[in-house]
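A.B. asks: The structure that follows is given in the form of structure tokens.
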Amino acid sequence: MTASLVAQVAIGGLLMGLVYALVAAGLSLIFGLMDVVNFAHGELLMLAMYAVFEIHAAFGLDPLLQLPLVAALLFGIGVAIYRLLIARALGVRFNTGMVQIFVTFGLSIFLVGAAQLAFGSDFRSIDNGVLSGRTVHLGQIVLPLPQVAAGLVCLLAFAALMAISRTEFGQALEATREDRDAVALIGIDRDRIFSLGWGIGAATVGIAGVMLANFYYISPTVGSNFALIAYVTVALGGFGSLAGALVAGLLIGLVEALTALFIDPSLKQVGVFAIYVAVLMFRPRGLFGRL
Amino acid sequence: MIGFGRKLLLGAALLGMAGGFAPRQAQAAPPDILIGAVYPLSGNAAPIGHDAQQALETEAAIINGHHDVPMLLGKGGGLPGLGGAHVKLIFADSQNNPQIAQSEAQRLITQDHVVAIIGSYTSATAVTISQICNRYRVPYISAENSAPSLSKQGLTWFFRPSPTDNDFTKAMFDFYAAIGKKTGRPVHSVAIIHENSVFGTDSARIQTAMAKAAGIKVLTDISYQASTPSLSVEAERLRAANADVVMPSSYTSDAILMVHAMHDAGYTPKAIMAQDAGFIDPAFIKAVGPLAEGVMSRSSFSIDAVKTRPAIPAVDALFKAHDNGKELNDLTAREVTALQVLADALNRAKSTKNTALRAALRTTDIPGAETIMPWVGIKFDKTGQNIEGNPVILQYQHGQWRTVFPFAVATAPAIWNVGK
Amino acid sequence: MATSPRPNAITRRRTRELVVGAALLVVLALLPLPIAGTYLRGLMVLTLLYAGLAQGWNILGGYCGQISLGHALYFGIGAYTSTLLYTRLGIPPTLGLFAGAALGALAALAVGWPCFRLSGHYYAIATLVVGLMVLLLVQNWGFVNAAMGITIPFRTESWVQLQFRVAVLPFYYVMLGYAAIAWIVAWVVEGSRWGYIWRAVKDDVAAARSLAVRVFPSKMAAAAISGAIVGAGGALYAQYVGFIDPDSVLGLSLSVLIALPAVVGGVGTLWGPLLGAAVLIPVQQLSVAWLGSSGNGVDLMIYGALIMGLALARPQGLVSLFGVRSQAGGEVVDDA
Amino acid sequence: MTPDPILRICNVSKTFGTVAANVDVSFDVGRGEILGLIGPNGAGKSSLFNAIAGAETPDAGEILLEGKRISGLGAVACTRAGIGRTFQVVRSFDSMTVLENVMVGAFARHARTRPAMAQALEVIAFCGLVPRADVPAHALTPPEKRRLEVARALATQPSVLLLDEMLTGLTPTEAQAGMRLVRDVRARGITVLMVEHVMEVLLPLIDRAVVLHLGRKLAEGSPAEVVRNPDVIRAYLGDRYVA
């Protein structure tokens with residue numbers, strides 16, 4: 001096993017890790033804001049990927065150029081989900097924790113069915129985007145351009161999210177998160193903040209979906225391939241922590257790749273899960289979770 | 001919200017009553033012959049199930065209609081042995097779940113009174129369906145389940161026209177030997193990669209055994225989790241092994257990912273010999289485009305064998321009309337043939353009684369030329385396995401699948417890069 | 001001071017539950033007789049199976065408030081245990097099911113040991129992950145036939161081996177017995193010290209501690225009972241379906257399916273799991289039967305919409321339609 | 001100092017991060033007395049209270065109940081040893097009825113349901129909650145919830161009952177009723193330690209008071225002594241009120 005192979009695999013794992021991190025970021029944001037775990041998160045990713053595919057098929061618009069479009073679309077979907085379902089789920093008097101888990105779970109089943117109805121069950125993929133099939137050479141290391149671009153865009157998206165958290169709106173988010181009842185007293189509209197939170201959370205998944213559509217196939221059930229990793233990422237990083245999602249995503253991408261290389265590809269998720277369980281032994285709220 | 005909840009409940013109750021208590025009405029004379037078909041129509045394997053549905057409907061249209069296809073029962077007009085009765089398919093969704101497959105098969109048998117069941121693509125569902133059919137003494141026609149173990153369950157109502165993975169894998173190694181002799185560039189090593197499912201694990205097991213028997217080194221045997229987010233490390237390991245032939249057993253989604261990952265790793269295997277499945281799915285070809293060029297797969301069907309199988313163009317055209325212009329492939333052709341075999345047995349039995357039908361199935365003897373398959377013919381042994389179904393090796397050349405082995409039926413020479 | 005216990009709401013309610021339960025048992029015992037359809041009987045078998053499983057989940061998830069998304073693990077362990085004992089050693093599943101229950105309980109304790117340190121969503125996701133980890137390991141474990149699964153061949157009609165060729169009725173009574181025992185276990189523990197302690201732990205951990213409730217052991221007790229019931233259910237499932245493989249007995253969707261009836265019916269209530277299973281399982285199976293053949297996903301949409309609608313419209317569960325007081329006012333316990 | 005102390009607080013210190021919540025606090029609680037633990041916000045009352053109830057472990061010093069150390073053993077052991085407590089912010093088990101709430105407490109001393117229920121019913125009668133016994137806790141009024149907490153704690157058969165601001169936020173009539181309940185509790189032979197930051201409501205009720213300020217013990221004595229103590233006046237009202 002040569003050093004360049006290990007380096008190649010490690011870098012590939014880290015690039016995938018950035019995508020995991022961005023998929024997880026939206027989940028983490030929403031959780032941090034209102035204690036809701038969105039079990040339909042993977043399906044938001046799936047919707048974004050179909051949006052990319054359909055727009056590409058209809059207008060020939062390259063996935064990269066669709067970034068703002070799909071992000072905006074997903075923002076709208078996120079707000080709609082909040083208004084139609086989550087606001088109601090949070091409003092119930094009993095079992096709020098359980099109700100929100102199963103409402104979002106029902107939503108995920110519903111969206112898979114709806115995608116099958118609307119788009120059919122065939123596997124789709126976009127093979128003639130600007131990035132498709134190109135590679136980047138770094139010495140002996142060869143990296144596929146779509147993944148490199150995905151990694152870069154994910155980093156930019158993280159930078160944007162961090163910047164947002166420093167703005168006035170970010171402060172309002174933070175305040176809402178700290179004390180959900182007190183903010184009403186100082187004139188912050190909680191419902192509006194929550195809607196925006198869902199919008200931003202869904203938009204980040206949208207961005208991840210656009211970049212994934214460049215190199216991953218699309219099907220109604222594609223969301224579940226990433227959703228599980230996203231939940232583990234968020235729990236490992238600490239619910240509600242952006243930095244946690246980033247670090248955990250990178251860690252998972254790396255562990256997954258190295259487990260596949262050194263142990264056995266079919267056990268790569270076991271490697272990830274083992275790290276997760278080990279970390280939770282010592283930090284029950286994840287790496288960056290507030291204790 | 002409460003009102004909404006009540007309405008939903010009411011809806012659910014109505015649904016339950018409608019589904020539970022309203023038996024499907026069979027039409028009057030000559031009554032349609034009901035045949036059950038259990039396939040995954042939702043979930044990850046849904047595209048395959050959808051194609052299977054269309055393939056079976058295509059063959060039903062041939063049997064019932066008047067399309068004049070030059071093969072057994074191709075004249076149409078129903079089954080002459082049963083007074084021109086039409087065959088009618090009743091589909092059920094297994095959701096690729098053995099328990100649901102079982103209860104759906106049970107429903108088809110006890111509620112719809114189907115005379116036989118055809119299915120089911122995945123091995124796990126085939127196990128439960130074939131078991132339940134055996135208990136109810138209803139024939140199960142396995143159209144495309146290829147796990148050899150299925151015909152070793154000791155079931156007496158199980159019939160499989162298609163070859164098994166044993167036959168398929170044997171064809172691959174026969175091909176290696178033959179092409180090695182022909183070109184002087186034999187296969188010395190293979191790399192096996194398979195998903196860790198029933199299908200993948202079983203396939204890899206047989207490949208490893210046969211490689212050993214043939215004196216070919218297995219450089220690596222990679223098992224991976226199906227529907228994984230990435231196969232790039234797996235591709236790196238394949239590249240590192242650099243075997244003469246890469247032998248994947250994967251479903252469509254992973255096949256797409258794998259070929260892309262190998263390309264991204266800058267790795268072009270000298271040869272890819274696929275265990276069918278995802279690699280012959282039209283969605284795979286569409287998704288990977290030129291990267292599919294040169295891929296070989298075992299198959300029980302060759303679309304280009306039109307000279308010896310004159311029915312192929314007509315069936316293919318009808319199937320295209322049914323299924324959005326998709327071309328017949330190894331799976332859909334086997335589904336067409338499965339229904340043809342069953343219809344032939346019904347026709348000869350002149351009865352829909354289960355024992356008569358089984359007796360007729362056991363005496364099935366269809367020459368290959370009467371089907372669309374390149375087989376010698378269809379004849380079942382005691383275990384219900386067709387002993388005349390000989391597989392072929394296909395290669396994707398210049399945008400279409402060509403038969404490259406056995407050389408006797410080949411329509412194009414194999415493009416063989418091993419040893420170059 | 002008058003200290004003699006006099007009939008009060010609690011004892012009255014519990015007596016009433018017992019009477020209703022007995023009456024229901026009689027009704028359910030007679031129900032399949034006029035319903036001749038094998039498919040409908042099969043549907044009822046599944047419904048009872050899930051009623052029992054959900055009752056088991058409810059002990060930990062409902063009464064004790066630990067939302068587990070990994071109960072398929074205990075189910076799978078029960079299924080594999082009794083199946084391996086039967087196919088390899090010839091031990092009949094009527095005995096194997098107790099071994100399955102015991103190992104299910106042990107597994108639940110093993111999972112609980114690390115996971116009960118976590119709270120709220122962290123706990124839910126940890127159970128989900130541990131369950132999937134075992135799924136992946138079993139898929140690669142040659143000793144249990146890895147991903148290929150195990151077939152239970154039909155040998156002979158036998159009550160001891162729980163094998164019935166085509167008759168569904170015997171299995172109906174087996175599952176009725178299972179659901180009834182799960183119900184009785186729930187009834188007994190609900191009225192016992194554990195039942196009170198679990199609900200206290202669910203509602204407020206700190207307050208429970210101040211009343212000398214040892215939180216961790218009480219969660220472990222709930223996990224063990226819960227795991228045992230679900231493990232036994234797994235053993236029965238294996239015998240009923242005749243085939244198990246990792247995906248179908250250890251998968252995530254099964255974990256959710258075990259929890260859903262309790263949630264939809266009413267978490268932390270005696271009747272919730274039963275009622276939830278009676279609604280969900282027929283709807284799920286019938287929507288597959290009725291709409292699944294179209295392959296267009298409408299069955300999934302209906303099922304998903306039903307779950308969303310019920311969870312929102314009836315957060316206390318369907319039991320609230322019958323005026324049964326939900327015992328689950330608390331939120332996700334968010335305090336380790 | 002106090003004859004026959006049931007509870008002894010010995011040199012207890014506790015810091016949270018950089019904030020010293022308790023610094024070397026010592027006092028005794030006499031058997032059968034009603035002791036008021038008073039002090040302005042941030043005086044360290046709650047921290048000390050949690051240490052006695054076992055919810056927190058002091059950094060230094062120890063707490064003895066009947067001569068046995070209970071500090072650092074955890075809430076469960078403290079309750080078993082005989083400490084009962086209520087919470088400043090009411091923590092009732094909202095999904096359970098009043099009777100069921102109290103039964104959880106009774107199960108601290110009884111393994112079986114029947115005696116636990118008997119004892120719970122007795123305590124409920126004692127606390128005047130009989131008409132509300134079968135009402136879910138979330139439906140109670142705030143003063144009823146406070147009573148429920150007292151009942152629940154009494155059901156654990158404590159020898160010392162810690163009451164955390166149980167009179168705060170009540171109307172004068174409700175407060176009167178609450179005080180009657182406290183006296184009745186003492187009449188059962190249970191020692192009572194009450195935390196309040198509003199001194200006035202407490203003075204007529206308590207036998208003695210311990211005043212905390214900025215984590216330290218400021219004064220100790222009868223209510224009359226304590227209110228005349230210049231340090232106490234300064235702490236509560238500022239320097240200009242010191243005569």
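Labeling convention for the structure tokens: chains A, B, ... as they appear, residues from 1 per chain, ligands from 1 in order of appearance.
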List every residue of range 106-208 of chain C that DSSP, applied to the backbone, labels as alpha helix (DSSP H), and write the result as an MDAnalysis selection string.
C.D. replies: chainID C and resid 106:115 120:139 169:191 193:203 205:208
A.B. asks: Show me, as a list in words, the residues that have an atom within 9 Å of Met133 in chain C when counting only C-alpha atoms, minus same-chain residues fewer than 2 positions from it.
C.D. replies: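 Once the adjacent positions are removed, what remains is Gln269, Val270, Gly271, Phe273 and Ala274 of chain A; Leu128, Val129, Val130, Gly131, Leu135, Leu136, Leu137 and Val138 of chain C.
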A.B. asks: Those residues with N, CA, C and O atoms, as a PDB file, in the first residue's frame please?
C.D. replies:
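New file part_39.pdb:
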```
ATOM      1  N   GLN A 269     -19.154   1.665   7.370  1.00  0.00           N
ATOM      2  CA  GLN A 269     -20.083   2.372   8.262  1.00  0.00           C
ATOM      3  C   GLN A 269     -19.942   1.884   9.696  1.00  0.00           C
ATOM      4  O   GLN A 269     -20.155   2.638  10.635  1.00  0.00           O
ATOM      5  N   VAL A 270     -19.573   0.618   9.853  1.00  0.00           N
ATOM      6  CA  VAL A 270     -19.341   0.117  11.203  1.00  0.00           C
ATOM      7  C   VAL A 270     -18.217   0.913  11.850  1.00  0.00           C
ATOM      8  O   VAL A 270     -18.297   1.281  13.024  1.00  0.00           O
ATOM      9  N   GLY A 271     -17.177   1.217  11.069  1.00  0.00           N
ATOM     10  CA  GLY A 271     -16.084   2.027  11.584  1.00  0.00           C
ATOM     11  C   GLY A 271     -16.578   3.385  12.057  1.00  0.00           C
ATOM     12  O   GLY A 271     -16.241   3.839  13.152  1.00  0.00           O
ATOM     13  N   PHE A 273     -19.670   4.182  12.906  1.00  0.00           N
ATOM     14  CA  PHE A 273     -20.556   4.026  14.060  1.00  0.00           C
ATOM     15  C   PHE A 273     -19.747   3.765  15.326  1.00  0.00           C
ATOM     16  O   PHE A 273     -20.090   4.247  16.412  1.00  0.00           O
ATOM     17  N   ALA A 274     -18.669   3.001  15.176  1.00  0.00           N
ATOM     18  CA  ALA A 274     -17.859   2.685  16.352  1.00  0.00           C
ATOM     19  C   ALA A 274     -17.227   3.958  16.916  1.00  0.00           C
ATOM     20  O   ALA A 274     -17.228   4.172  18.131  1.00  0.00           O
TER      21      ALA A 274
ATOM     22  N   LEU C 128     -30.570   4.032  17.173  1.00  0.00           N
ATOM     23  CA  LEU C 128     -30.668   3.799  15.727  1.00  0.00           C
ATOM     24  C   LEU C 128     -29.322   3.319  15.182  1.00  0.00           C
ATOM     25  O   LEU C 128     -29.234   2.351  14.433  1.00  0.00           O
ATOM     26  N   VAL C 129     -28.255   3.991  15.609  1.00  0.00           N
ATOM     27  CA  VAL C 129     -26.924   3.663  15.108  1.00  0.00           C
ATOM     28  C   VAL C 129     -26.477   2.283  15.592  1.00  0.00           C
ATOM     29  O   VAL C 129     -25.959   1.476  14.822  1.00  0.00           O
ATOM     30  N   VAL C 130     -26.698   2.003  16.871  1.00  0.00           N
ATOM     31  CA  VAL C 130     -26.292   0.694  17.391  1.00  0.00           C
ATOM     32  C   VAL C 130     -27.035  -0.414  16.638  1.00  0.00           C
ATOM     33  O   VAL C 130     -26.451  -1.426  16.252  1.00  0.00           O
ATOM     34  N   GLY C 131     -28.324  -0.186  16.383  1.00  0.00           N
ATOM     35  CA  GLY C 131     -29.103  -1.174  15.641  1.00  0.00           C
ATOM     36  C   GLY C 131     -28.517  -1.416  14.259  1.00  0.00           C
ATOM     37  O   GLY C 131     -28.362  -2.564  13.835  1.00  0.00           O
ATOM     38  N   LEU C 135     -26.808  -4.677  12.357  1.00  0.00           N
ATOM     39  CA  LEU C 135     -27.280  -5.111  11.031  1.00  0.00           C
ATOM     40  C   LEU C 135     -26.096  -5.351  10.091  1.00  0.00           C
ATOM     41  O   LEU C 135     -25.987  -6.391   9.453  1.00  0.00           O
ATOM     42  N   LEU C 136     -25.182  -4.373  10.053  1.00  0.00           N
ATOM     43  CA  LEU C 136     -24.030  -4.493   9.150  1.00  0.00           C
ATOM     44  C   LEU C 136     -23.150  -5.672   9.538  1.00  0.00           C
ATOM     45  O   LEU C 136     -22.651  -6.399   8.681  1.00  0.00           O
ATOM     46  N   LEU C 137     -22.967  -5.860  10.836  1.00  0.00           N
ATOM     47  CA  LEU C 137     -22.108  -6.966  11.268  1.00  0.00           C
ATOM     48  C   LEU C 137     -22.746  -8.308  10.921  1.00  0.00           C
ATOM     49  O   LEU C 137     -22.064  -9.213  10.449  1.00  0.00           O
ATOM     50  N   VAL C 138     -24.053  -8.427  11.129  1.00  0.00           N
ATOM     51  CA  VAL C 138     -24.714  -9.691  10.819  1.00  0.00           C
ATOM     52  C   VAL C 138     -24.663  -9.957   9.313  1.00  0.00           C
ATOM     53  O   VAL C 138     -24.498 -11.090   8.873  1.00  0.00           O
TER      54      VAL C 138
END
```
A.B. asks: Please report, as a PyMOL selection string, each residue of range 12-135 of chain D to which DSSP assigns strand (DSSP E) when run on this structure's backbone.
C.D. replies: chain D and resi 12-16+19-30+34-38+60-65+68-69+83-85
A.B. asks: Using only C-alpha atoms, which of A:Ala245, A:Val277, A:Phe215, A:Arg93 sits nearest chain D?
C.D. replies: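 With only C-alpha atoms as the atom set, the closest residue is A:Arg93.
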A.B. asks: Please tabulate, as JSON lines, the residues of chain A that come within 6 Å of chain B, each with its closest pair of atoms and the distance in Å to one decimal, counting only C-alpha atoms and ordering rows by chain, then residue number upward.
C.D. replies:
```
{"residue": "A:Ser121", "atom": "CA", "partner": "B:Pro47", "partner_atom": "CA", "distance": 5.1}
{"residue": "A:Asp122", "atom": "CA", "partner": "B:Pro47", "partner_atom": "CA", "distance": 5.0}
{"residue": "A:Phe123", "atom": "CA", "partner": "B:Ala283", "partner_atom": "CA", "distance": 5.9}
{"residue": "A:Ser125", "atom": "CA", "partner": "B:Ala287", "partner_atom": "CA", "distance": 5.2}
{"residue": "A:Pro144", "atom": "CA", "partner": "B:Asp264", "partner_atom": "CA", "distance": 5.2}
{"residue": "A:Asn225", "atom": "CA", "partner": "B:Pro229", "partner_atom": "CA", "distance": 5.9}
{"residue": "A:Pro265", "atom": "CA", "partner": "B:Tyr224", "partner_atom": "CA", "distance": 5.1}
{"residue": "A:Ser266", "atom": "CA", "partner": "B:Tyr224", "partner_atom": "CA", "distance": 3.8}
```
A.B. asks: Atoms to include: C-alpha atoms. Write the selected residues as an mmCIF file, in the first residue's frame.
C.D. replies:
```
data_model
loop_
_atom_site.group_PDB
_atom_site.id
_atom_site.type_symbol
_atom_site.label_atom_id
_atom_site.label_comp_id
_atom_site.auth_asym_id
_atom_site.auth_seq_id
_atom_site.Cartn_x
_atom_site.Cartn_y
_atom_site.Cartn_z
ATOM 1 C CA SER A 121 -38.582 5.119 -10.034
ATOM 2 C CA ASP A 122 -35.775 4.973 -12.606
ATOM 3 C CA PHE A 123 -32.269 5.971 -11.678
ATOM 4 C CA SER A 125 -27.963 10.978 -13.499
ATOM 5 C CA PRO A 144 -12.497 13.945 -9.618
ATOM 6 C CA ASN A 225 -28.222 6.900 1.508
ATOM 7 C CA PRO A 265 -15.324 -1.787 2.554
ATOM 8 C CA SER A 266 -18.473 -3.494 3.774
#
```
A.B. asks: Excluding same-chain residues fewer than 2 positions from range 51-54 of chain D, what lies within 7 Å of it counting only C-alpha atoms, as an MDAnalysis selection string?
C.D. replies: chainID D and resid 47:49 56:58 63 71:75 78 83 85
A.B. asks: Can you write just those residues out, N, CA, C and O atoms, as a PDB file, in the first residue's frame?
C.D. replies:
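Contents of result_16.pdb, as written:
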```pdb
ATOM      1  N   SER D  47     -27.779  26.590  46.263  1.00  0.00           N
ATOM      2  CA  SER D  47     -26.622  25.708  46.176  1.00  0.00           C
ATOM      3  C   SER D  47     -26.523  24.852  47.437  1.00  0.00           C
ATOM      4  O   SER D  47     -26.335  23.633  47.370  1.00  0.00           O
ATOM      5  N   LEU D  48     -26.684  25.490  48.596  1.00  0.00           N
ATOM      6  CA  LEU D  48     -26.604  24.770  49.860  1.00  0.00           C
ATOM      7  C   LEU D  48     -27.734  23.757  49.963  1.00  0.00           C
ATOM      8  O   LEU D  48     -27.558  22.610  50.383  1.00  0.00           O
ATOM      9  N   PHE D  49     -28.889  24.224  49.543  1.00  0.00           N
ATOM     10  CA  PHE D  49     -30.092  23.402  49.562  1.00  0.00           C
ATOM     11  C   PHE D  49     -29.875  22.137  48.727  1.00  0.00           C
ATOM     12  O   PHE D  49     -30.148  21.019  49.167  1.00  0.00           O
ATOM     13  N   GLU D  56     -26.218  17.999  44.576  1.00  0.00           N
ATOM     14  CA  GLU D  56     -24.862  18.423  44.253  1.00  0.00           C
ATOM     15  C   GLU D  56     -23.913  17.975  45.361  1.00  0.00           C
ATOM     16  O   GLU D  56     -24.334  17.727  46.487  1.00  0.00           O
ATOM     17  N   THR D  57     -22.638  17.912  45.010  1.00  0.00           N
ATOM     18  CA  THR D  57     -21.628  17.502  45.985  1.00  0.00           C
ATOM     19  C   THR D  57     -20.798  18.717  46.370  1.00  0.00           C
ATOM     20  O   THR D  57     -20.283  19.408  45.502  1.00  0.00           O
ATOM     21  N   PRO D  58     -20.664  19.006  47.673  1.00  0.00           N
ATOM     22  CA  PRO D  58     -19.839  20.147  48.079  1.00  0.00           C
ATOM     23  C   PRO D  58     -18.369  19.896  47.739  1.00  0.00           C
ATOM     24  O   PRO D  58     -17.923  18.746  47.732  1.00  0.00           O
ATOM     25  N   ILE D  63     -21.907  17.218  55.333  1.00  0.00           N
ATOM     26  CA  ILE D  63     -23.245  17.392  55.868  1.00  0.00           C
ATOM     27  C   ILE D  63     -23.616  16.097  56.566  1.00  0.00           C
ATOM     28  O   ILE D  63     -23.471  15.011  55.986  1.00  0.00           O
ATOM     29  N   SER D  71     -23.477  14.000  52.598  1.00  0.00           N
ATOM     30  CA  SER D  71     -23.040  14.820  51.459  1.00  0.00           C
ATOM     31  C   SER D  71     -22.263  13.950  50.476  1.00  0.00           C
ATOM     32  O   SER D  71     -21.507  13.066  50.871  1.00  0.00           O
ATOM     33  N   GLY D  72     -22.507  14.193  49.205  1.00  0.00           N
ATOM     34  CA  GLY D  72     -21.780  13.487  48.160  1.00  0.00           C
ATOM     35  C   GLY D  72     -22.320  12.113  47.839  1.00  0.00           C
ATOM     36  O   GLY D  72     -21.774  11.398  47.017  1.00  0.00           O
ATOM     37  N   LEU D  73     -23.402  11.726  48.494  1.00  0.00           N
ATOM     38  CA  LEU D  73     -23.940  10.388  48.234  1.00  0.00           C
ATOM     39  C   LEU D  73     -24.983  10.372  47.116  1.00  0.00           C
ATOM     40  O   LEU D  73     -25.413   9.314  46.690  1.00  0.00           O
ATOM     41  N   GLY D  74     -25.419  11.543  46.710  1.00  0.00           N
ATOM     42  CA  GLY D  74     -26.435  11.602  45.658  1.00  0.00           C
ATOM     43  C   GLY D  74     -27.831  11.722  46.227  1.00  0.00           C
ATOM     44  O   GLY D  74     -28.085  11.424  47.408  1.00  0.00           O
ATOM     45  N   ALA D  75     -28.736  12.182  45.379  1.00  0.00           N
ATOM     46  CA  ALA D  75     -30.106  12.482  45.814  1.00  0.00           C
ATOM     47  C   ALA D  75     -30.812  11.239  46.339  1.00  0.00           C
ATOM     48  O   ALA D  75     -31.539  11.293  47.338  1.00  0.00           O
ATOM     49  N   CYS D  78     -29.678  10.361  49.837  1.00  0.00           N
ATOM     50  CA  CYS D  78     -30.138  11.366  50.787  1.00  0.00           C
ATOM     51  C   CYS D  78     -31.604  11.157  51.130  1.00  0.00           C
ATOM     52  O   CYS D  78     -32.020  11.249  52.283  1.00  0.00           O
ATOM     53  N   ILE D  83     -34.053  12.690  53.943  1.00  0.00           N
ATOM     54  CA  ILE D  83     -34.223  14.075  53.496  1.00  0.00           C
ATOM     55  C   ILE D  83     -35.349  14.118  52.456  1.00  0.00           C
ATOM     56  O   ILE D  83     -35.321  13.363  51.487  1.00  0.00           O
ATOM     57  N   ARG D  85     -37.596  16.806  49.872  1.00  0.00           N
ATOM     58  CA  ARG D  85     -37.423  18.163  49.357  1.00  0.00           C
ATOM     59  C   ARG D  85     -38.539  18.534  48.382  1.00  0.00           C
ATOM     60  O   ARG D  85     -39.205  17.676  47.809  1.00  0.00           O
TER      61      ARG D  85
END
```
A.B. asks: Give me, as CSV, the closest atom pair and its distance (Å, one decimal) for every residue of chain D within a cut-off of 9 Å of chain C, counting only C-alpha atoms, rows sorted by chain and rising number.
C.D. replies:
```
residue,atom,partner,partner_atom,distance
D:Ala53,CA,C:Ser210,CA,7.5
D:Gly54,CA,C:Ser210,CA,8.4
D:Ala55,CA,C:Ser210,CA,8.0
D:Gly74,CA,C:Arg209,CA,8.7
D:Ala75,CA,C:Ser210,CA,5.6
D:Val76,CA,C:Ala212,CA,4.0
D:Ala77,CA,C:Ala212,CA,6.9
D:Cys78,CA,C:Ala212,CA,7.9
D:Thr79,CA,C:Ala212,CA,5.4
D:Arg80,CA,C:Ala212,CA,6.2
D:Ile83,CA,C:Ser210,CA,8.8
D:Gly84,CA,C:Ser210,CA,7.3
D:Arg85,CA,C:Ser210,CA,6.8
D:Thr86,CA,C:Ser210,CA,8.3
D:Phe87,CA,C:Ala207,CA,8.0
D:Arg91,CA,C:Ala207,CA,6.2
D:Ser92,CA,C:Ala207,CA,7.5
D:Phe93,CA,C:Asp203,CA,5.2
D:Asp94,CA,C:Gly329,CA,6.1
D:Ser95,CA,C:Gly329,CA,4.4
D:Met96,CA,C:Gln327,CA,6.2
D:Thr97,CA,C:Gln327,CA,8.9
D:Leu99,CA,C:Ile10,CA,8.6
D:Glu100,CA,C:Tyr196,CA,7.1
D:Asn101,CA,C:Ala200,CA,7.7
D:Met103,CA,C:Tyr196,CA,7.5
D:Val104,CA,C:Tyr196,CA,5.9
D:Gly105,CA,C:Leu211,CA,5.1
D:Ala106,CA,C:Leu211,CA,8.3
D:Phe107,CA,C:Arg193,CA,6.4
D:Ala108,CA,C:Ala212,CA,5.7
D:His110,CA,C:Arg193,CA,8.6
D:Ala111,CA,C:Arg193,CA,6.5
D:Arg112,CA,C:Arg193,CA,6.5
D:Thr113,CA,C:Ser192,CA,5.9
D:Arg114,CA,C:Pro5,CA,7.5
D:Pro115,CA,C:Pro5,CA,8.2
D:Ala116,CA,C:Arg193,CA,8.7
D:Met117,CA,C:Pro5,CA,7.1
D:Ala118,CA,C:Pro5,CA,5.2
D:Gln119,CA,C:Thr3,CA,6.8
D:Leu121,CA,C:Thr3,CA,7.1
D:Glu122,CA,C:Thr3,CA,5.6
D:Ala125,CA,C:Met1,CA,8.4
D:Phe126,CA,C:Met1,CA,8.5
D:Ala133,CA,C:Ala9,CA,8.7
D:Asp134,CA,C:Ala9,CA,6.5
D:Pro136,CA,C:Gln327,CA,9.0
D:His138,CA,C:Gly329,CA,8.2
D:Arg152,CA,C:Leu211,CA,7.8
D:Ala153,CA,C:Leu211,CA,6.8
D:Ala155,CA,C:Leu211,CA,8.7
D:Thr156,CA,C:Leu211,CA,6.5
```
